[in-house]
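The next block is data.cif, given as mmCIF, C-alpha atoms and all ligand atoms.
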```
data_run
#
loop_
_atom_site.label_atom_id
_atom_site.label_comp_id
_atom_site.auth_asym_id
_atom_site.auth_seq_id
_atom_site.Cartn_x
_atom_site.Cartn_y
_atom_site.Cartn_z
CA MET A 5 23.59 -8.83 13.96
CA ALA A 6 24.75 -7.95 10.44
CA ASP A 7 24.31 -11.62 9.53
CA LYS A 8 20.83 -11.72 10.91
CA LEU A 9 19.86 -8.54 9.09
CA ALA A 10 21.22 -9.97 5.84
CA ARG A 11 19.13 -13.10 6.30
CA ILE A 12 16.02 -11.03 6.94
CA GLN A 13 16.75 -8.90 3.90
CA ALA A 14 16.89 -12.04 1.80
CA ALA A 15 13.62 -13.33 3.26
CA PHE A 16 11.87 -10.04 2.51
CA ASN A 17 13.21 -9.79 -1.01
CA VAL A 18 10.46 -10.75 -3.45
CA THR A 19 12.39 -11.72 -6.59
CA ASP A 20 11.17 -11.11 -10.13
CA GLU A 21 10.43 -14.84 -10.43
CA GLU A 22 8.33 -14.70 -7.29
CA VAL A 23 6.45 -11.68 -8.59
CA ASP A 24 5.64 -13.69 -11.70
CA ARG A 25 4.54 -16.73 -9.71
CA ILE A 26 2.37 -14.70 -7.33
CA ALA A 27 0.75 -12.96 -10.31
CA ASP A 28 -0.13 -16.34 -11.80
CA ARG A 29 -1.53 -17.68 -8.56
CA PHE A 30 -3.54 -14.51 -8.07
CA CYS A 31 -4.95 -14.81 -11.58
CA GLN A 32 -5.95 -18.45 -10.87
CA ALA A 33 -7.55 -17.45 -7.56
CA MET A 34 -9.64 -14.86 -9.43
CA ALA A 35 -10.95 -17.52 -11.81
CA ALA A 36 -11.66 -19.94 -8.95
CA GLY A 37 -13.47 -17.28 -6.91
CA LEU A 38 -15.65 -16.29 -9.87
CA ALA A 39 -16.51 -19.92 -10.52
CA GLY A 40 -17.67 -20.28 -6.92
CA GLN A 41 -14.78 -22.61 -6.09
CA PHE A 42 -12.67 -22.40 -2.97
CA SER A 43 -10.54 -19.25 -3.22
CA PRO A 44 -8.99 -16.66 -0.92
CA LEU A 45 -10.57 -14.03 -3.20
CA LYS A 46 -14.22 -13.35 -2.42
CA MET A 47 -14.91 -11.76 -5.85
CA LEU A 48 -17.92 -9.79 -4.64
CA PRO A 49 -20.32 -8.35 -7.25
CA SER A 50 -20.89 -4.61 -6.88
CA PHE A 51 -23.94 -4.41 -9.21
CA LEU A 52 -22.30 -1.29 -10.57
CA ASP A 53 -21.17 -0.57 -14.14
CA LYS A 54 -18.58 2.08 -15.04
CA PRO A 55 -19.89 5.65 -15.40
CA GLN A 56 -20.36 7.26 -18.78
CA GLY A 57 -18.78 10.57 -17.78
CA SER A 58 -21.91 12.64 -18.33
CA GLU A 59 -23.47 11.96 -14.91
CA SER A 60 -24.39 15.23 -13.20
CA GLY A 61 -26.29 16.79 -10.29
CA CYS A 62 -25.89 17.18 -6.52
CA TYR A 63 -25.44 14.18 -4.26
CA MET A 64 -24.38 13.31 -0.75
CA ALA A 65 -21.49 10.94 -0.26
CA LEU A 66 -20.47 9.11 2.87
CA ASP A 67 -17.00 7.64 3.05
CA PHE A 68 -16.68 5.13 5.88
CA GLY A 69 -13.29 3.45 5.88
CA GLY A 70 -12.60 2.64 9.50
CA THR A 71 -10.40 5.50 10.68
CA ASN A 72 -12.47 8.58 9.82
CA ILE A 73 -15.87 9.20 8.37
CA ARG A 74 -16.24 11.84 5.70
CA ALA A 75 -19.54 13.34 4.65
CA VAL A 76 -19.29 15.21 1.36
CA TYR A 77 -21.87 17.22 -0.54
CA VAL A 78 -20.78 17.01 -4.17
CA GLU A 79 -21.90 18.66 -7.36
CA LEU A 80 -21.10 16.57 -10.41
CA LEU A 81 -20.65 18.75 -13.46
CA GLY A 82 -20.31 16.03 -16.11
CA GLY A 83 -17.33 15.61 -18.42
CA GLY A 84 -15.31 14.15 -15.58
CA GLN A 85 -15.58 17.35 -13.51
CA TRP A 86 -16.96 17.87 -10.02
CA ARG A 87 -17.05 20.37 -7.20
CA VAL A 88 -17.06 19.64 -3.49
CA VAL A 89 -19.63 22.03 -2.05
CA ARG A 90 -19.26 21.10 1.63
CA LYS A 91 -17.52 18.43 3.62
CA ASN A 92 -17.06 17.28 7.17
CA SER A 93 -14.79 14.67 8.59
CA ALA A 94 -14.63 13.08 12.02
CA PRO A 95 -12.52 10.34 13.57
CA LEU A 96 -14.40 7.22 14.67
CA LYS A 97 -12.17 7.00 17.68
CA HIS A 98 -11.30 10.08 19.71
CA LEU A 99 -10.07 9.18 23.14
CA GLN A 100 -9.71 12.78 24.37
CA GLY A 101 -13.22 13.42 23.06
CA GLY A 102 -14.34 10.45 25.14
CA TYR A 103 -15.63 8.19 22.39
CA ASP A 104 -14.61 5.16 20.36
CA TYR A 105 -17.10 3.72 17.88
CA THR A 106 -14.67 1.05 16.70
CA GLY A 107 -14.47 -1.09 19.86
CA ALA A 108 -16.45 -4.16 20.89
CA ASP A 109 -18.27 -2.27 23.66
CA THR A 110 -20.09 0.03 21.26
CA ASN A 111 -22.90 -1.07 18.93
CA ALA A 112 -24.34 -0.59 15.45
CA GLU A 113 -26.98 1.95 16.49
CA GLU A 114 -24.48 4.15 18.34
CA LEU A 115 -22.06 4.01 15.43
CA PHE A 116 -24.64 4.83 12.74
CA ASP A 117 -26.29 7.56 14.81
CA PHE A 118 -22.90 9.25 15.03
CA ILE A 119 -22.47 8.94 11.27
CA ALA A 120 -26.02 10.15 10.51
CA GLU A 121 -25.43 13.28 12.55
CA ALA A 122 -22.30 14.13 10.53
CA ILE A 123 -24.20 13.59 7.29
CA ILE A 124 -27.13 15.78 8.33
CA ASN A 125 -24.77 18.58 9.41
CA THR A 126 -23.11 18.49 6.00
CA ALA A 127 -26.18 18.00 3.83
CA ASN A 128 -28.46 20.64 5.30
CA PRO A 129 -31.21 19.22 3.09
CA GLN A 130 -34.08 21.36 1.94
CA ARG A 131 -35.33 18.61 -0.29
CA GLU A 132 -34.70 14.96 -0.97
CA LEU A 133 -31.10 14.11 -1.53
CA LEU A 134 -29.65 10.82 -2.75
CA LEU A 135 -26.68 9.45 -0.87
CA GLY A 136 -23.93 7.12 -2.03
CA HIS A 137 -22.22 5.18 0.73
CA THR A 138 -18.66 3.98 0.42
CA PHE A 139 -18.35 1.28 3.03
CA SER A 140 -14.86 -0.16 2.92
CA PHE A 141 -15.32 -3.65 4.27
CA PRO A 142 -16.21 -7.00 2.71
CA CYS A 143 -19.94 -7.12 1.98
CA ARG A 144 -22.20 -9.67 0.41
CA GLN A 145 -24.34 -7.55 -1.90
CA LEU A 146 -27.86 -8.64 -2.77
CA GLY A 147 -28.36 -5.58 -4.91
CA ILE A 148 -26.98 -2.13 -5.49
CA ASN A 149 -28.33 -0.84 -2.17
CA GLU A 150 -28.26 -3.99 -0.07
CA ALA A 151 -24.94 -4.94 1.42
CA LEU A 152 -24.46 -7.31 4.33
CA LEU A 153 -21.21 -6.91 6.23
CA ILE A 154 -19.51 -10.33 6.03
CA ASN A 155 -16.91 -9.54 8.67
CA TRP A 156 -15.03 -6.53 9.96
CA THR A 157 -11.42 -6.08 8.86
CA LYS A 158 -8.69 -3.55 9.83
CA GLU A 159 -9.16 -4.42 13.53
CA ILE A 160 -12.65 -2.84 13.86
CA ARG A 161 -14.88 -4.60 16.40
CA THR A 162 -18.15 -2.62 16.75
CA ALA A 163 -20.83 -5.05 17.96
CA GLY A 164 -23.97 -5.93 16.03
CA VAL A 165 -22.92 -4.91 12.51
CA GLU A 166 -21.55 -8.17 11.10
CA GLY A 167 -24.27 -9.98 9.17
CA ARG A 168 -26.45 -6.88 8.93
CA GLU A 169 -27.41 -4.65 6.06
CA VAL A 170 -25.39 -1.47 6.43
CA ASN A 171 -27.52 0.91 4.37
CA ARG A 172 -30.61 -0.14 6.29
CA LEU A 173 -28.79 0.69 9.54
CA LEU A 174 -27.80 4.03 8.02
CA ALA A 175 -31.31 4.84 6.75
CA GLU A 176 -32.80 4.01 10.16
CA SER A 177 -30.33 6.30 11.91
CA LEU A 178 -30.98 9.12 9.42
CA ASN A 179 -34.73 8.76 10.12
CA ARG A 180 -34.21 8.76 13.88
CA GLN A 181 -32.09 11.92 13.67
CA GLY A 182 -34.53 13.84 11.48
CA GLY A 183 -32.59 13.33 8.24
CA GLY A 184 -35.21 11.18 6.52
CA GLY A 185 -34.95 13.33 3.38
CA ILE A 186 -31.50 11.92 2.76
CA LYS A 187 -31.93 8.62 0.95
CA PRO A 188 -29.09 6.08 0.81
CA CYS A 189 -29.39 4.58 -2.68
CA VAL A 190 -26.13 2.75 -3.29
CA VAL A 191 -23.41 1.11 -1.25
CA LEU A 192 -19.95 0.41 -2.65
CA ASN A 193 -16.45 -0.52 -1.61
CA ASP A 194 -13.72 2.17 -1.56
CA THR A 195 -11.81 0.37 -4.32
CA VAL A 196 -14.97 0.53 -6.44
CA GLY A 197 -15.38 4.23 -5.65
CA THR A 198 -11.79 4.84 -6.69
CA LEU A 199 -12.24 3.02 -9.99
CA VAL A 200 -15.55 4.80 -10.69
CA THR A 201 -13.89 8.19 -10.07
CA ALA A 202 -11.01 7.50 -12.46
CA ALA A 203 -13.37 6.02 -15.06
CA TYR A 204 -15.47 9.21 -14.94
CA ASP A 205 -12.95 10.72 -17.35
CA ASP A 206 -10.68 7.83 -18.36
CA PRO A 207 -12.18 4.96 -20.39
CA ASN A 208 -9.01 2.89 -19.87
CA ALA A 209 -9.49 2.80 -16.10
CA ASP A 210 -10.35 -0.81 -15.26
CA ILE A 211 -8.65 -1.50 -11.92
CA GLY A 212 -9.22 0.33 -8.64
CA THR A 213 -7.13 -0.18 -5.55
CA ILE A 214 -6.45 1.15 -2.08
CA CYS A 215 -2.96 1.17 -0.57
CA GLY A 216 -3.65 2.85 2.76
CA THR A 217 -4.66 1.65 6.21
CA GLY A 218 -6.03 -1.42 4.44
CA HIS A 219 -5.37 -2.93 1.05
CA ASN A 220 -7.77 -4.23 -1.58
CA THR A 221 -8.35 -4.20 -5.33
CA CYS A 222 -11.36 -4.31 -7.66
CA TYR A 223 -11.56 -4.60 -11.44
CA TYR A 224 -14.06 -4.03 -14.19
CA ASP A 225 -15.42 -7.29 -15.54
CA ALA A 226 -16.44 -6.48 -19.11
CA GLU A 227 -18.21 -9.80 -19.58
CA ARG A 228 -20.44 -9.17 -16.59
CA ALA A 229 -20.56 -5.39 -17.22
CA MET A 230 -19.88 -4.98 -13.53
CA ILE A 231 -17.13 -3.98 -11.14
CA ILE A 232 -16.01 -6.86 -8.91
CA ASN A 233 -14.58 -6.25 -5.44
CA MET A 234 -11.97 -8.96 -4.98
CA GLU A 235 -11.20 -8.36 -1.27
CA SER A 236 -7.64 -9.12 -2.29
CA GLY A 237 -6.33 -8.27 1.18
CA ASN A 238 -7.37 -11.82 2.02
CA PHE A 239 -5.08 -13.34 -0.64
CA ASP A 240 -2.80 -15.83 1.08
CA GLU A 241 -0.66 -17.74 -1.42
CA LEU A 242 2.42 -15.80 -0.42
CA PRO A 243 5.97 -16.32 0.84
CA VAL A 244 5.50 -15.55 4.55
CA THR A 245 8.20 -15.11 7.18
CA ALA A 246 8.13 -15.94 10.90
CA TYR A 247 7.39 -12.24 11.57
CA ASP A 248 4.30 -12.37 9.38
CA ARG A 249 3.07 -15.44 11.23
CA ASN A 250 3.69 -13.78 14.56
CA LEU A 251 1.86 -10.58 13.54
CA ASP A 252 -1.05 -12.64 12.24
CA GLU A 253 -1.32 -14.52 15.53
CA LEU A 254 -1.32 -11.28 17.50
CA SER A 255 -4.06 -9.76 15.32
CA GLU A 256 -7.82 -9.58 15.82
CA LYS A 257 -8.58 -12.23 13.18
CA PRO A 258 -5.72 -14.73 12.81
CA GLY A 259 -5.65 -16.52 9.47
CA GLN A 260 -7.57 -13.81 7.65
CA GLN A 261 -6.34 -10.91 5.50
CA ARG A 262 -2.84 -12.35 5.18
CA LEU A 263 -1.82 -10.14 2.23
CA GLU A 264 -3.22 -7.08 3.99
CA LYS A 265 -1.16 -7.85 7.08
CA MET A 266 1.99 -7.98 4.92
CA VAL A 267 1.36 -4.80 2.97
CA ALA A 268 -1.06 -2.33 4.54
CA GLY A 269 -0.45 0.77 6.64
CA ARG A 270 -2.38 -0.64 9.59
CA TYR A 271 0.31 -3.31 9.96
CA LEU A 272 3.66 -2.23 8.49
CA GLY A 273 4.78 -0.32 11.58
CA ALA A 274 4.02 -3.27 13.85
CA LEU A 275 5.78 -5.63 11.47
CA ALA A 276 8.89 -3.42 11.50
CA GLY A 277 8.67 -3.36 15.32
CA LEU A 278 8.66 -7.16 15.52
CA ILE A 279 11.70 -7.39 13.26
CA ALA A 280 13.54 -4.67 15.19
CA ASP A 281 12.88 -6.47 18.49
CA ASP A 282 14.37 -9.62 17.07
CA VAL A 283 17.42 -8.08 15.38
CA PHE A 284 18.39 -5.51 17.96
CA GLY A 285 16.94 -7.17 21.03
CA ALA A 286 15.08 -3.92 21.55
CA GLU A 287 11.65 -3.64 23.09
CA PHE A 288 9.78 -1.76 20.41
CA SER A 289 6.51 -3.57 21.06
CA ARG A 290 3.93 -3.71 18.34
CA GLU A 291 2.40 -0.37 19.15
CA ARG A 292 5.49 1.78 19.41
CA ILE A 293 6.33 2.10 15.74
CA THR A 294 3.64 3.29 13.38
CA THR A 295 3.65 3.29 9.61
CA GLU A 296 3.92 7.10 9.76
CA ASP A 297 7.14 6.61 11.74
CA LEU A 298 8.47 4.43 8.94
CA ALA A 299 7.73 7.22 6.46
CA ALA A 300 9.52 9.74 8.69
CA ILE A 301 12.54 7.45 9.07
CA LEU A 302 12.76 6.92 5.32
CA ASN A 303 12.44 10.67 4.81
CA GLN A 304 15.55 11.01 6.99
CA GLN A 305 13.66 13.11 9.52
CA GLU A 306 15.74 13.39 12.64
CA GLY A 307 14.71 12.87 16.18
CA CYS A 308 11.99 10.23 15.94
CA PHE A 309 14.12 7.56 17.58
CA ALA A 310 17.40 7.33 19.43
CA ALA A 311 20.41 7.79 17.16
CA GLY A 312 21.52 4.21 17.75
CA GLU A 313 18.15 2.88 16.61
CA GLU A 314 17.83 5.08 13.53
CA TRP A 315 20.16 3.24 11.19
CA GLY A 316 18.76 -0.20 11.88
CA LEU A 317 15.20 0.99 11.71
CA ARG A 318 15.86 2.62 8.34
CA GLN A 319 17.09 -0.71 6.93
CA ILE A 320 14.02 -2.48 8.27
CA ALA A 321 11.62 0.22 7.09
CA ALA A 322 13.12 0.03 3.59
CA LEU A 323 12.66 -3.71 3.36
CA VAL A 324 9.07 -3.94 4.62
CA VAL A 325 8.04 -1.03 2.40
CA ARG A 326 9.71 -2.46 -0.69
CA ARG A 327 8.21 -5.89 -0.10
CA SER A 328 4.77 -4.37 0.33
CA ALA A 329 4.99 -2.51 -2.98
CA ARG A 330 6.28 -5.56 -4.88
CA LEU A 331 3.60 -7.88 -3.50
CA VAL A 332 0.90 -5.39 -4.35
CA ALA A 333 2.36 -4.95 -7.85
CA ALA A 334 2.32 -8.74 -8.32
CA THR A 335 -1.42 -8.80 -7.61
CA PHE A 336 -1.99 -5.95 -10.10
CA LEU A 337 -0.09 -7.94 -12.66
CA GLY A 338 -2.24 -10.98 -11.89
CA THR A 339 -5.37 -8.89 -12.35
CA VAL A 340 -4.22 -7.54 -15.73
CA ARG A 341 -3.32 -11.09 -16.83
CA PHE A 342 -6.86 -12.14 -16.00
CA ILE A 343 -8.54 -9.28 -17.89
CA ASP A 344 -6.16 -9.13 -20.83
CA PRO A 345 -3.77 -12.13 -20.96
CA LEU A 346 -1.82 -10.90 -24.00
CA LEU A 347 -1.69 -7.33 -22.78
CA THR A 348 -3.15 -5.88 -25.92
CA LYS A 349 -4.94 -2.92 -24.33
CA GLN A 350 -4.12 0.08 -22.17
CA HIS A 351 -4.99 -0.24 -18.49
CA THR A 352 -5.23 2.50 -15.92
CA ILE A 353 -4.95 1.39 -12.30
CA ALA A 354 -6.65 3.99 -10.09
CA ILE A 355 -4.93 4.11 -6.69
CA ASP A 356 -5.83 5.91 -3.52
CA GLY A 357 -4.43 5.65 -0.01
CA SER A 358 -1.83 7.20 2.23
CA LEU A 359 0.77 4.52 1.69
CA TYR A 360 0.82 5.05 -2.07
CA GLU A 361 0.62 8.79 -1.76
CA LYS A 362 3.04 9.43 1.07
CA MET A 363 5.41 6.55 1.74
CA PRO A 364 8.83 7.42 0.27
CA GLY A 365 9.69 5.14 -2.63
CA TYR A 366 6.41 3.24 -2.60
CA ALA A 367 4.94 4.38 -5.91
CA GLY A 368 8.35 4.00 -7.57
CA HIS A 369 8.71 0.38 -6.41
CA ILE A 370 5.28 -0.54 -7.78
CA GLU A 371 6.05 1.06 -11.10
CA ALA A 372 9.49 -0.53 -11.39
CA THR A 373 8.07 -3.96 -10.58
CA LEU A 374 5.36 -3.62 -13.22
CA ASN A 375 7.81 -2.32 -15.80
CA THR A 376 10.23 -5.20 -15.31
CA ALA A 377 7.41 -7.71 -15.52
CA THR A 378 5.85 -6.25 -18.67
CA GLY A 379 9.17 -5.83 -20.50
CA LYS A 380 8.59 -4.60 -24.04
CA LYS A 381 5.05 -3.67 -23.19
CA THR A 382 6.03 -1.25 -20.46
CA GLY A 383 3.69 1.69 -20.54
CA GLN A 384 0.55 -0.37 -21.24
CA ILE A 385 -0.24 -0.28 -17.53
CA LYS A 386 -0.54 3.17 -16.02
CA LEU A 387 -0.87 4.02 -12.34
CA ARG A 388 -2.98 7.03 -11.47
CA LEU A 389 -3.32 8.58 -8.03
CA THR A 390 -7.05 9.12 -7.58
CA LYS A 391 -7.37 11.22 -4.47
CA ASP A 392 -10.64 11.15 -2.53
CA GLY A 393 -11.88 8.58 -5.01
CA SER A 394 -13.95 6.85 -2.39
CA GLY A 395 -16.01 9.97 -1.59
CA ILE A 396 -16.41 11.30 -5.12
CA GLY A 397 -17.01 7.77 -6.43
CA ALA A 398 -19.98 7.38 -4.06
CA ALA A 399 -21.55 10.54 -5.51
CA ILE A 400 -20.94 9.34 -9.08
CA ALA A 401 -22.48 5.97 -8.16
CA ALA A 402 -25.55 7.77 -6.76
CA ALA A 403 -25.82 9.64 -10.07
CA ILE A 404 -25.64 6.36 -11.99
CA ILE A 405 -28.56 5.10 -9.87
CA ALA A 406 -30.51 8.34 -10.30
CA ARG A 407 -30.22 7.90 -14.06
CA ARG A 408 -31.59 4.34 -13.90
C1 LIG A 501 -9.89 -3.81 3.91
C2 LIG A 501 -11.36 -4.06 3.59
C3 LIG A 501 -11.66 -3.73 2.13
C4 LIG A 501 -11.16 -2.31 1.82
C5 LIG A 501 -9.70 -2.16 2.19
C6 LIG A 501 -9.17 -0.76 1.95
O1 LIG A 501 -9.13 -4.72 3.18
O2 LIG A 501 -11.70 -5.41 3.86
O3 LIG A 501 -13.03 -3.83 1.86
O4 LIG A 501 -11.35 -2.06 0.45
O5 LIG A 501 -9.52 -2.49 3.55
O6 LIG A 501 -9.84 0.19 2.71
#
```
As structure tokens - that is how I would like this structure written.
Ligand code: GLC
Amino acid sequence: MADKLARIQAAFNVTDEEVDRIADRFCQAMAAGLAGQFSPLKMLPSFLDKPQGSESGCYMALDFGGTNIRAVYVELLGGGQWRVVRKNSAPLKHLQGGYDYTGADTNAEELFDFIAEAIINTANPQRELLLGHTFSFPCRQLGINEALLINWTKEIRTAGVEGREVNRLLAESLNRQGGGGIKPCVVLNDTVGTLVTAAYDDPNADIGTICGTGHNTCYYDAERAMIINMESGNFDELPVTAYDRNLDELSEKPGQQRLEKMVAGRYLGALAGLIADDVFGAEFSRERITTEDLAAILNQQEGCFAAGEEWGLRQIAALVVRRSARLVAATFLGTVRFIDPLLTKQHTIAIDGSLYEKMPGYAGHIEATLNTATGKKTGQIKLRLTKDGSGIGAAIAAAIIARR
């Protein structure tokens, strides 16, 4: 057993050389994707520039990420400041409440009617109100307010949304529910919202990323004066193990989102479960261990699992978490190499997501990996936790549109 664990530890150890190689491949995939060549990176235009910092006024924001929806009424004060006036949040799946808007037996209209109701309850509009919509899935954008869902990710299966324009679905539901005064005017990815929020007061912010249930990164393309959503969760030039292959096969969309399945909160618990089954001959099953459990185990909280299982699970949790952080850091490095090959400027990476915020050791591993890789230039790349970036960013984006 000790032998087997040692072998797994070696397989999950992403060396400094591998970090460097992955960063290079990622950088090449960015160039290929932008040139319209075959690439795992979709490089989706957002049609959105960075904010100036002076944007102000009251806006509605909808944050739709797959687990919860959040409707937020925000007052932007300018100078990088804002105030949340009201907010409401609801899970998309609530089995005790008798609903699940994420499954294949529910449809677009039902889902968006549910969302529209939450927005109307939060907005309480006396007059017209612009709404920014953070929709955290890969979309083909035809313009700032026209986004077609390419495909669901993060195991969502709601029928009749893929291939359709999400802000049109939202506007139709708002009309049906008597909220026609609320006007969706921009749709953006959560990574884009996170970058926009950090850039509201930090001109060096040029990368936005989510390390939470899902994983993805965007960057500011100065040449195009536009933020590009890379959908980097689909990156796949990676050293995979048999466990990764197994998890991929068991997932909703085998072959897709390979990086995401190796790094994101939606999957890390299941991955640890598969390894534990193999090493200890236990029957953890994919659903028994969650990523929150991994955090609890690493926090040395007692009583989550039988004493005999604890030690082994802690080893496994540590290695999947560390690998996740190092892989993610390698893609950040690749992104910086693309924007600024000689690393002559300062870069702020805006990060949101539960994994980054709450998983013990996670932020430290990312930082250490970046520091080692940048050597003498350590400190040029800064990580900044940008909480609620996807909600606030949607309001800032709406203000950018209002100004146009
Ligand atoms: C998934 C989605 C992506 C989103 C990320 C984080 O990877 O495809 O659009 O940004 O999750 O929520």
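Residues of protein or nucleic acid lying within 6 Å of ligand LIG 501 (chain A), counting all atoms listed in the file, are Gly69, Ser140, Phe141, Pro142, Thr157, Asn193, Asp194, Thr195, Ile214, Gly218, His219, Asn220, Glu235 and Gly237 of chain A.
When the distance limit is 6 Å and all atoms listed in the file are what count, the residues near range 347-357 of chain A, minus those fewer than 5 positions from it on the same chain, are A:Leu199, A:Asn208, A:Ala209, A:Ile211, A:Gly212, A:Thr213, A:Ile214, A:Cys215, A:Gly216, A:Gln384, A:Ile385, A:Lys386, A:Leu387, A:Arg388, A:Leu389, A:Thr390, A:Lys391.
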Review point. Pick from A:Met230, A:Leu254, A:Val88, A:Ala398: nearest to Phe139 in chain A, with all atoms listed in the file counted?
Key: A:Ala398
Practice item. Please provide the set of residues having any atom within 7 Å of range 77-82 of chain A, restricted to all atoms listed in the file, with same-chain residues fewer than 4 positions apart removed, written as a PyMOL selection string. Key: chain A and resi 57-65+86-91+126-127+399
Review point. Closest to Leu263 in chain A among A:Arg180, A:Arg330, A:Lys362, A:Arg161, using all atoms listed in the file?
Key: A:Arg330
Exercise for review: Just the residues within 12 Å of Asp24 in chain A, please, counting only C-alpha atoms, with nothing from its chain fewer than 6 positions along; format it as a VMD selection string.
Suggested key: chain A and resid 18 30 to 31 242 330 to 331 333 to 338 341 373 to 374 376 to 378
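Here CA of Asp240 in chain A and CA of Gln13 in chain A stand 20.9 Å from one another.
Going from CA of Ala15 in chain A to CA of Val340 in chain A covers 26.7 Å.
For the set A:Asp210, A:Glu227, A:Glu113, A:Glu159, the residue with the smallest atom-to-atom gap to Ala175 in chain A is A:Glu113, counting only C-alpha atoms.
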